[in-house]
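Shown next: data16.csv, containing CSV, C-alpha atoms.
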```csv
chain,number,residue,atom,x,y,z
G,1,MET,CA,29.3,-2.8,10.5
G,2,MET,CA,28.1,-4.9,7.6
G,3,ILE,CA,24.5,-6.2,8.0
G,4,VAL,CA,23.1,-8.4,5.2
G,5,ALA,CA,19.7,-7.1,3.8
G,6,PRO,CA,16.9,-9.3,5.1
G,7,ARG,CA,14.1,-10.6,2.9
G,8,SER,CA,11.7,-10.9,5.8
G,9,ALA,CA,11.7,-8.7,9.0
G,10,LEU,CA,9.1,-9.8,11.6
G,11,TYR,CA,7.8,-7.4,14.2
G,12,LEU,CA,7.0,-8.9,17.6
G,13,PRO,CA,5.7,-7.1,20.7
G,14,ALA,CA,8.6,-7.3,23.1
G,15,SER,CA,6.0,-7.9,25.9
G,16,ASN,CA,5.0,-11.3,24.4
G,17,ALA,CA,7.4,-13.8,25.7
G,18,ARG,CA,5.6,-16.7,24.1
G,19,ALA,CA,5.8,-15.2,20.6
G,20,ILE,CA,9.5,-14.3,21.1
G,21,GLU,CA,10.4,-17.9,22.0
G,22,LYS,CA,8.5,-19.3,19.0
G,23,VAL,CA,10.2,-17.0,16.5
G,24,ARG,CA,13.6,-18.6,17.1
G,25,GLY,CA,12.3,-21.6,15.0
G,26,LEU,CA,10.8,-19.5,12.2
G,27,ALA,CA,12.4,-18.8,8.8
G,28,CYS,CA,12.4,-15.0,9.0
G,29,ASP,CA,15.7,-13.3,8.3
G,30,MET,CA,15.3,-10.6,10.9
G,31,VAL,CA,13.5,-10.2,14.2
G,32,ILE,CA,12.3,-6.7,15.4
G,33,LEU,CA,11.2,-6.7,19.0
G,34,ASP,CA,8.9,-3.8,19.3
G,35,LEU,CA,8.5,-1.3,22.2
G,36,GLU,CA,6.3,1.1,20.1
G,37,ASP,CA,2.9,0.6,18.5
G,38,SER,CA,2.2,-3.0,19.3
G,39,VAL,CA,2.8,-2.6,23.1
G,40,LYS,CA,0.2,-1.1,25.4
G,41,ASP,CA,1.3,1.9,27.5
G,42,GLU,CA,1.1,0.0,30.7
G,43,ASP,CA,3.2,-2.8,29.3
G,44,LYS,CA,6.2,-0.7,28.2
G,45,PRO,CA,8.4,-1.6,31.2
G,46,VAL,CA,7.8,-5.3,30.8
G,47,ALA,CA,8.5,-5.0,27.0
G,48,ARG,CA,11.8,-3.2,27.7
G,49,ALA,CA,13.0,-5.8,30.1
G,50,GLY,CA,11.7,-8.6,27.8
G,51,ALA,CA,13.6,-7.2,24.8
G,52,VAL,CA,16.9,-6.9,26.6
G,53,ALA,CA,16.6,-10.5,28.0
G,54,ALA,CA,15.6,-11.9,24.7
G,55,MET,CA,18.5,-10.3,22.9
G,56,GLN,CA,20.9,-11.6,25.5
G,57,ALA,CA,19.5,-15.2,24.9
G,58,GLY,CA,20.0,-14.6,21.2
G,59,PHE,CA,18.4,-15.5,17.9
G,60,PRO,CA,20.9,-17.7,16.1
G,61,GLY,CA,21.1,-17.1,12.3
G,62,LYS,CA,18.9,-14.0,12.4
G,63,ILE,CA,19.5,-10.3,12.3
G,64,THR,CA,18.2,-8.7,15.5
G,65,ALA,CA,16.7,-5.3,16.3
G,66,ILE,CA,14.7,-3.5,18.9
G,67,ARG,CA,12.3,-0.8,17.8
G,68,VAL,CA,12.2,2.1,20.3
G,69,ASN,CA,9.6,4.8,20.5
G,70,ALA,CA,10.0,8.0,18.4
G,71,VAL,CA,12.1,10.9,19.7
G,72,ASP,CA,9.0,13.0,20.4
G,73,SER,CA,7.3,10.2,22.4
G,74,ARG,CA,7.0,10.4,26.2
G,75,PHE,CA,8.4,6.8,26.3
G,76,HIS,CA,11.5,7.6,24.2
G,77,ALA,CA,14.0,8.5,27.0
G,78,ASP,CA,13.0,5.5,29.2
G,79,ASP,CA,13.4,3.2,26.2
G,80,LEU,CA,16.9,4.4,25.5
G,81,ALA,CA,17.9,4.2,29.2
G,82,ALA,CA,16.6,0.6,29.4
G,83,VAL,CA,17.9,-0.9,26.1
G,84,ALA,CA,21.2,0.9,25.6
G,85,GLY,CA,23.9,-1.6,24.8
G,86,ALA,CA,21.4,-4.5,24.3
G,87,ALA,CA,22.9,-7.5,22.5
G,88,CYS,CA,21.1,-6.8,19.2
G,89,ASP,CA,22.6,-5.9,15.8
G,90,LEU,CA,20.8,-2.6,15.5
G,91,PHE,CA,17.8,-0.5,16.6
G,92,VAL,CA,14.8,0.7,14.6
G,93,LEU,CA,13.8,4.3,15.1
G,94,PRO,CA,10.3,5.3,14.0
G,95,LYS,CA,9.2,8.6,12.5
G,96,VAL,CA,12.7,9.9,11.7
G,97,GLU,CA,12.6,13.4,10.2
G,98,ASP,CA,16.1,14.6,11.0
G,99,ALA,CA,19.3,12.7,10.4
G,100,ALA,CA,20.8,14.3,13.6
G,101,ASP,CA,18.1,12.4,15.6
G,102,ALA,CA,19.2,9.1,14.1
G,103,ALA,CA,22.8,9.9,14.8
G,104,ARG,CA,22.1,10.8,18.4
G,105,VAL,CA,20.0,7.7,19.1
G,106,ALA,CA,22.6,5.4,17.5
G,107,HIS,CA,25.3,7.0,19.7
G,108,GLN,CA,23.3,6.7,22.9
G,109,LEU,CA,22.3,3.1,22.1
G,110,GLY,CA,25.7,2.0,20.9
G,111,ARG,CA,24.4,0.4,17.7
G,112,PRO,CA,23.5,1.6,14.1
G,113,VAL,CA,19.8,2.2,13.3
G,114,TYR,CA,17.2,1.5,10.6
G,115,ALA,CA,15.3,4.8,10.1
G,116,MET,CA,11.6,4.6,9.4
G,117,ILE,CA,10.2,6.9,6.7
G,118,GLU,CA,6.6,7.7,7.9
G,119,THR,CA,5.9,11.4,7.2
G,120,PRO,CA,6.0,13.9,4.3
G,121,LEU,CA,9.0,15.6,5.8
G,122,ALA,CA,10.8,12.3,6.2
G,123,VAL,CA,10.3,11.7,2.4
G,124,ARG,CA,11.6,15.1,1.6
G,125,ARG,CA,14.7,14.5,3.8
G,126,ALA,CA,15.2,10.8,2.9
G,127,TYR,CA,18.5,11.4,1.1
G,128,GLU,CA,20.0,13.2,4.1
G,129,ILE,CA,18.7,10.6,6.5
G,130,ALA,CA,20.1,7.7,4.4
G,131,ALA,CA,23.4,9.4,4.1
G,132,GLU,CA,23.9,9.6,7.9
G,133,PRO,CA,26.7,7.0,8.7
G,134,ALA,CA,24.8,5.7,11.7
G,135,VAL,CA,21.8,4.8,9.5
G,136,VAL,CA,22.3,1.4,7.9
G,137,GLY,CA,18.8,0.9,6.5
G,138,LEU,CA,15.4,2.6,5.8
G,139,ILE,CA,12.0,1.1,6.5
G,140,MET,CA,8.8,2.4,4.9
G,141,GLY,CA,6.1,3.2,7.4
G,142,ASN,CA,3.3,3.1,4.9
G,143,ASN,CA,0.4,3.0,7.4
G,144,ASP,CA,1.4,6.3,9.1
G,145,LEU,CA,2.3,7.9,5.8
G,146,ALA,CA,-1.0,7.0,4.2
G,147,HIS,CA,-2.8,8.4,7.2
G,148,VAL,CA,-1.0,11.7,7.1
G,149,LEU,CA,-1.6,12.0,3.4
G,150,HIS,CA,-5.3,11.2,3.7
G,151,LEU,CA,-5.0,8.3,1.2
G,152,PRO,CA,-7.9,5.9,0.6
G,153,ASP,CA,-7.4,2.2,1.0
G,154,ASP,CA,-5.8,1.1,-2.3
G,155,PRO,CA,-4.2,-2.3,-2.9
G,156,ALA,CA,-2.1,-0.8,-5.7
G,157,ARG,CA,-0.6,1.8,-3.2
G,158,THR,CA,-0.8,4.4,-5.9
G,159,GLY,CA,-0.5,7.4,-3.6
G,160,LEU,CA,2.5,5.9,-1.9
G,161,GLN,CA,4.6,4.9,-4.8
G,162,TYR,CA,6.5,8.2,-5.2
G,163,ALA,CA,7.5,8.1,-1.5
G,164,MET,CA,8.5,4.4,-1.9
G,165,GLN,CA,10.7,5.2,-4.9
G,166,VAL,CA,12.3,8.1,-3.1
G,167,ALA,CA,13.2,5.7,-0.2
G,168,VAL,CA,14.7,3.2,-2.6
G,169,MET,CA,16.7,5.9,-4.5
G,170,ALA,CA,18.0,7.3,-1.2
G,171,ALA,CA,19.0,3.9,0.1
G,172,ARG,CA,20.8,3.0,-3.1
G,173,MET,CA,22.7,6.3,-3.2
G,174,ALA,CA,23.9,5.6,0.4
G,175,GLY,CA,24.5,1.9,-0.2
G,176,ILE,CA,22.2,0.8,2.6
G,177,THR,CA,19.2,-1.6,3.0
G,178,VAL,CA,15.6,-0.5,2.3
G,179,LEU,CA,12.6,-2.5,3.5
G,180,ASP,CA,9.0,-2.2,2.4
G,181,GLY,CA,6.2,-1.5,4.9
G,182,VAL,CA,3.8,-4.1,6.4
G,183,PHE,CA,0.8,-5.7,4.9
G,184,ASN,CA,-2.2,-5.4,7.2
G,185,LYS,CA,-4.7,-8.0,6.0
G,186,LEU,CA,-3.6,-11.2,7.7
G,187,LYS,CA,-5.9,-13.6,5.7
G,188,ASP,CA,-5.4,-12.1,2.3
G,189,GLU,CA,-2.6,-14.3,0.9
G,190,ALA,CA,-3.0,-13.2,-2.6
G,191,GLY,CA,-2.9,-9.5,-1.6
G,192,LEU,CA,0.3,-10.1,0.4
G,193,ALA,CA,1.9,-11.9,-2.6
G,194,ALA,CA,1.0,-9.0,-4.9
G,195,GLU,CA,2.3,-6.4,-2.5
G,196,CYS,CA,5.6,-8.3,-2.1
G,197,ALA,CA,5.9,-8.6,-5.9
G,198,GLN,CA,5.3,-4.9,-6.2
G,199,GLY,CA,7.9,-4.1,-3.6
G,200,HIS,CA,10.4,-6.3,-5.3
G,201,LEU,CA,9.8,-4.6,-8.6
G,202,LEU,CA,10.2,-1.2,-7.0
G,203,GLY,CA,13.6,-2.2,-5.7
G,204,PHE,CA,13.1,-3.0,-2.0
G,205,ASP,CA,15.4,-5.6,-0.4
G,206,GLY,CA,12.7,-7.2,1.7
G,207,LYS,CA,9.5,-6.6,3.6
G,208,THR,CA,8.5,-5.9,7.2
G,209,LEU,CA,5.9,-8.3,8.5
G,210,ILE,CA,3.4,-8.5,11.3
G,211,HIS,CA,2.5,-12.2,11.4
G,212,PRO,CA,4.6,-15.5,11.0
G,213,ASN,CA,2.3,-16.7,8.3
G,214,GLN,CA,3.7,-13.9,6.0
G,215,ILE,CA,7.3,-15.1,6.2
G,216,ASP,CA,7.4,-17.7,3.4
G,217,THR,CA,5.7,-15.3,1.0
G,218,ALA,CA,8.2,-12.6,1.6
G,219,ASN,CA,11.2,-14.9,1.5
G,220,ALA,CA,10.0,-16.3,-1.9
G,221,ALA,CA,9.3,-12.8,-3.4
G,222,PHE,CA,12.6,-11.2,-2.3
G,223,GLY,CA,14.9,-14.2,-2.6
G,224,PRO,CA,16.1,-15.7,-5.9
G,225,ASP,CA,14.6,-19.1,-6.9
G,226,ALA,CA,16.6,-22.1,-8.1
G,227,GLN,CA,16.2,-21.2,-11.7
G,228,ALA,CA,17.5,-17.6,-11.1
G,229,ILE,CA,20.5,-19.0,-9.2
G,230,ALA,CA,21.4,-21.4,-11.9
G,231,GLU,CA,21.1,-18.7,-14.6
G,232,ALA,CA,23.4,-16.4,-12.6
G,233,GLN,CA,26.0,-19.1,-12.1
G,234,ALA,CA,25.9,-19.9,-15.9
G,235,LEU,CA,26.3,-16.2,-16.8
G,236,ILE,CA,29.3,-15.7,-14.5
G,237,ALA,CA,30.9,-18.9,-15.8
G,238,ALA,CA,30.4,-17.8,-19.4
G,239,ALA,CA,31.6,-14.2,-19.1
G,240,THR,CA,35.1,-13.4,-20.3
G,241,GLY,CA,35.1,-9.6,-19.8
G,242,GLY,CA,33.8,-6.6,-21.6
G,243,ALA,CA,30.7,-6.5,-23.8
G,244,GLU,CA,29.9,-9.9,-25.4
G,245,ARG,CA,27.0,-12.0,-26.7
G,246,TYR,CA,25.5,-14.5,-24.3
G,247,GLN,CA,22.4,-16.5,-25.1
G,248,ASP,CA,21.1,-14.1,-27.7
G,249,ARG,CA,21.7,-11.0,-25.6
G,250,MET,CA,24.5,-8.6,-24.9
G,251,ILE,CA,26.1,-8.7,-21.5
G,252,GLU,CA,28.9,-6.7,-19.8
G,253,THR,CA,30.5,-6.2,-16.4
G,254,MET,CA,27.3,-4.8,-14.8
G,255,HIS,CA,25.4,-8.0,-15.6
G,256,VAL,CA,28.1,-10.1,-14.0
G,257,GLU,CA,28.0,-7.9,-11.0
G,258,SER,CA,24.2,-8.3,-10.8
G,259,ALA,CA,24.6,-12.1,-11.0
G,260,ARG,CA,27.1,-12.1,-8.2
G,261,ARG,CA,24.8,-9.9,-6.1
G,262,LEU,CA,22.0,-12.4,-6.7
G,263,LEU,CA,24.1,-15.3,-5.6
G,264,ALA,CA,25.1,-13.4,-2.5
G,265,ARG,CA,21.4,-12.7,-1.8
G,266,ALA,CA,20.7,-16.5,-2.2
G,267,ARG,CA,23.0,-17.1,0.8
G,268,VAL,CA,21.1,-14.9,3.2
```
Would you kindly transcribe this structure into structure tokens?
Amino acid sequence: MMIVAPRSALYLPASNARAIEKVRGLACDMVILDLEDSVKDEDKPVARAGAVAAMQAGFPGKITAIRVNAVDSRFHADDLAAVAGAACDLFVLPKVEDAADAARVAHQLGRPVYAMIETPLAVRRAYEIAAEPAVVGLIMGNNDLAHVLHLPDDPARTGLQYAMQVAVMAARMAGITVLDGVFNKLKDEAGLAAECAQGHLLGFDGKTLIHPNQIDTANAAFGPDAQAIAEAQALIAAATGGAERYQDRMIETMHVESARRLLARARV
């Protein structure tokens, strides 16, 4: 199953019907209806029913996912029973530490999964998790990972960069999507832009988001602009094969492939 990598993936509590209806008109590439952290314990049944109904109604033009609770959660079994076979593209599984868990959940739910990397053990096993055929993407769970690692608040995310690079490497080896974690400060537009730029430089395909106001910034950071598109088109048109000089630099097949990938990205 081929799923295009999203630039922006917006989490929404599946218990919030008003927010779910509104997101259909927003510019995010992916919608993740959440049954986990953003939903109160007493609202879990409502969230499960809401997620299934919303997916049945559809989100035209968007990648769709439901995030279930982790395998060690008391809510996990009820989540799987309620949403198995829901009309979404994939499921998001948090706190994955074992590729076998991801495979089992994907089999039970009848869809592939994005596996969240949120613990030191998950970082250590990221390559095995990414290589599991049922896993079509990785998502950094930076909040949980920073908590477990006892990291101080740091806009540069210094203590997380090793784990982030491991996730990118694992995803690239497996040929799957990899998304950066959320940015928590809702009114810090400059901070969000800086974190998106950092994530792009580290190699992430896109970013997970917690508020609609973050969508445009993520789309701009992870999607090529008009100048980049024009440059890619010109490079492809000029290339004749093999190593050759192009605008005072040397290009070869890999540069043409990169340009084509950029154009494909522009059509997300």
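Distances from G:Gln108, G:Ile3, G:Gly206, G:Gln233 to Ala220 in chain G were compared using all atoms listed in the file, and the smallest one belongs to G:Gly206.
Using only C-alpha atoms, the smallest distance between any of G:Ala130, G:Ala146, G:Ala9, G:Cys196 and Thr208 in chain G comes from G:Ala9.
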Best match for closeness to Ala82 in chain G among G:Met30, G:Ala57, G:Val46, G:Ile63, counting only C-alpha atoms: G:Val46
Pick from G:Thr119, G:Thr177, G:Thr158, G:Asn219 nearest to Leu138 in chain G, counting all atoms listed in the file: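 Using all atoms listed in the file, the shortest distance to Leu138 in chain G belongs to G:Thr177.
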For the point (14.3, 8.0, -5.0) in file coordinates, what residues are within 12 Å, counting all atoms listed in the file? Give the answer as an NGL selection string? :G and (123-128 or 130 or 161-174 or 178 or 202-204)
Residue list as a VMD selection string for point (4.0, -13.8, -3.0), cut-off 7 Å, all atoms listed in the file: chain G and resid 192 to 194 196 to 197 217 to 218 220 to 221
Separation of CA of His76 in chain G from CA of Leu179 in chain G, in Å and rounded to one decimal: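 Separation between CA of His76 in chain G and CA of Leu179 in chain G: 23.1 Å.
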Identify, on the basis of only C-alpha atoms, every residue whose closest approach to Ile20 in chain G does not exceed 12 Å; exclude the query and any residue fewer than 2 positions from it along the same chain; express the result as a ChimeraX atom specification. /G:10-18,22-26,31-34,47,50-55,57-59,64,212
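The coordinates place CA of Gly141 in chain G at 9.7 Å from CA of Ala115 in chain G.
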CA of Asp216 in chain G to CA of Glu189 in chain G: how many Å, to one decimal?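 One can read the CA of Asp216 in chain G to CA of Glu189 in chain G distance as 10.9 Å.
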Of the residues G:Glu244, G:Ala86, G:Leu80, G:Val135, which is the one nearest to Ala100 in chain G, using only C-alpha atoms? G:Val135
7 Å contact set for Ala122 in chain G, all atoms listed in the file, chain neighbours under 5 positions out, as a PyMOL selection string: chain G and resi 96-97+117
So, with only C-alpha atoms as the atoms that count, which of G:Ala87, G:Leu35, G:Ala228, G:Ala243 lies closest to Arg261 in chain G?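 With only C-alpha atoms as the atom set, the closest residue is G:Ala228.
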Would you kindly return, as a list in words, each protein, DNA or RNA residue with an atom no farther than 8 Å from any atom of Ala266 in chain G, considering only C-alpha atoms and excluding same-chain residues fewer than 6 positions away?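 The residues satisfying every condition are Gly223, Pro224 and Ile229 of chain G.
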Show which residues sit within 7 Å of Phe91 in chain G, as JSON, numbers by chain. Count all atoms listed in the file, and ignore same-chain residues fewer than 4 positions away. {"G": [65, 66, 67, 111, 112, 113, 114]}
Please produce a file of those selected residues containing C-alpha atoms, as a PDB file, in the frame of the given file.
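Output contents, as saved in result.pdb:
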```
ATOM      1  CA  ALA G  65      16.700  -5.300  16.300  1.00  0.00           C
ATOM      2  CA  ILE G  66      14.700  -3.500  18.900  1.00  0.00           C
ATOM      3  CA  ARG G  67      12.300  -0.800  17.800  1.00  0.00           C
ATOM      4  CA  ARG G 111      24.400   0.400  17.700  1.00  0.00           C
ATOM      5  CA  PRO G 112      23.500   1.600  14.100  1.00  0.00           C
ATOM      6  CA  VAL G 113      19.800   2.200  13.300  1.00  0.00           C
ATOM      7  CA  TYR G 114      17.200   1.500  10.600  1.00  0.00           C
TER       8      TYR G 114
END
```
Any chance you could build range 180-201 of chain G out to N, CA and C atoms and write it as an mmCIF file, in the coordinates of the input?
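And here is the file that came out, part12.cif:
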```
data_model
loop_
_atom_site.group_PDB
_atom_site.id
_atom_site.type_symbol
_atom_site.label_atom_id
_atom_site.label_comp_id
_atom_site.auth_asym_id
_atom_site.auth_seq_id
_atom_site.Cartn_x
_atom_site.Cartn_y
_atom_site.Cartn_z
ATOM 1 N N ASP G 180 10.349 -2.631 2.600
ATOM 2 C CA ASP G 180 9.000 -2.200 2.400
ATOM 3 C C ASP G 180 8.173 -2.288 3.660
ATOM 4 N N GLY G 181 7.061 -1.545 3.701
ATOM 5 C CA GLY G 181 6.200 -1.500 4.900
ATOM 6 C C GLY G 181 5.378 -2.783 5.039
ATOM 7 N N VAL G 182 4.619 -2.853 6.121
ATOM 8 C CA VAL G 182 3.800 -4.100 6.400
ATOM 9 C C VAL G 182 2.573 -4.152 5.613
ATOM 10 N N PHE G 183 2.061 -5.367 5.509
ATOM 11 C CA PHE G 183 0.800 -5.700 4.900
ATOM 12 C C PHE G 183 -0.196 -6.017 5.981
ATOM 13 N N ASN G 184 -1.315 -5.324 6.071
ATOM 14 C CA ASN G 184 -2.200 -5.400 7.200
ATOM 15 C C ASN G 184 -3.180 -6.562 7.250
ATOM 16 N N LYS G 185 -3.561 -7.044 6.074
ATOM 17 C CA LYS G 185 -4.700 -8.000 6.000
ATOM 18 C C LYS G 185 -4.098 -9.438 6.179
ATOM 19 N N LEU G 186 -4.311 -9.983 7.350
ATOM 20 C CA LEU G 186 -3.600 -11.200 7.700
ATOM 21 C C LEU G 186 -4.106 -12.448 6.952
ATOM 22 N N LYS G 187 -5.335 -12.439 6.448
ATOM 23 C CA LYS G 187 -5.900 -13.600 5.700
ATOM 24 C C LYS G 187 -5.862 -13.457 4.230
ATOM 25 N N ASP G 188 -5.354 -12.353 3.728
ATOM 26 C CA ASP G 188 -5.400 -12.100 2.300
ATOM 27 C C ASP G 188 -3.995 -12.516 1.707
ATOM 28 N N GLU G 189 -3.850 -13.807 1.441
ATOM 29 C CA GLU G 189 -2.600 -14.300 0.900
ATOM 30 C C GLU G 189 -2.236 -13.788 -0.441
ATOM 31 N N ALA G 190 -3.252 -13.684 -1.292
ATOM 32 C CA ALA G 190 -3.000 -13.200 -2.600
ATOM 33 C C ALA G 190 -2.606 -11.709 -2.601
ATOM 34 N N GLY G 191 -3.243 -10.953 -1.721
ATOM 35 C CA GLY G 191 -2.900 -9.500 -1.600
ATOM 36 C C GLY G 191 -1.467 -9.363 -1.092
ATOM 37 N N LEU G 192 -1.059 -10.195 -0.140
ATOM 38 C CA LEU G 192 0.300 -10.100 0.400
ATOM 39 C C LEU G 192 1.308 -10.457 -0.741
ATOM 40 N N ALA G 193 1.025 -11.509 -1.494
ATOM 41 C CA ALA G 193 1.900 -11.900 -2.600
ATOM 42 C C ALA G 193 2.053 -10.784 -3.606
ATOM 43 N N ALA G 194 0.933 -10.135 -3.921
ATOM 44 C CA ALA G 194 1.000 -9.000 -4.900
ATOM 45 C C ALA G 194 1.755 -7.861 -4.385
ATOM 46 N N GLU G 195 1.595 -7.551 -3.095
ATOM 47 C CA GLU G 195 2.300 -6.400 -2.500
ATOM 48 C C GLU G 195 3.819 -6.715 -2.451
ATOM 49 N N CYS G 196 4.165 -7.954 -2.124
ATOM 50 C CA CYS G 196 5.600 -8.300 -2.100
ATOM 51 C C CYS G 196 6.184 -8.232 -3.511
ATOM 52 N N ALA G 197 5.426 -8.696 -4.506
ATOM 53 C CA ALA G 197 5.900 -8.600 -5.900
ATOM 54 C C ALA G 197 6.108 -7.170 -6.309
ATOM 55 N N GLN G 198 5.171 -6.310 -5.925
ATOM 56 C CA GLN G 198 5.300 -4.900 -6.200
ATOM 57 C C GLN G 198 6.526 -4.285 -5.564
ATOM 58 N N GLY G 199 6.710 -4.607 -4.287
ATOM 59 C CA GLY G 199 7.900 -4.100 -3.600
ATOM 60 C C GLY G 199 9.179 -4.535 -4.197
ATOM 61 N N HIS G 200 9.224 -5.779 -4.625
ATOM 62 C CA HIS G 200 10.400 -6.300 -5.300
ATOM 63 C C HIS G 200 10.690 -5.532 -6.589
ATOM 64 N N LEU G 201 9.639 -5.284 -7.364
ATOM 65 C CA LEU G 201 9.800 -4.600 -8.600
ATOM 66 C C LEU G 201 10.241 -3.112 -8.408
#
```
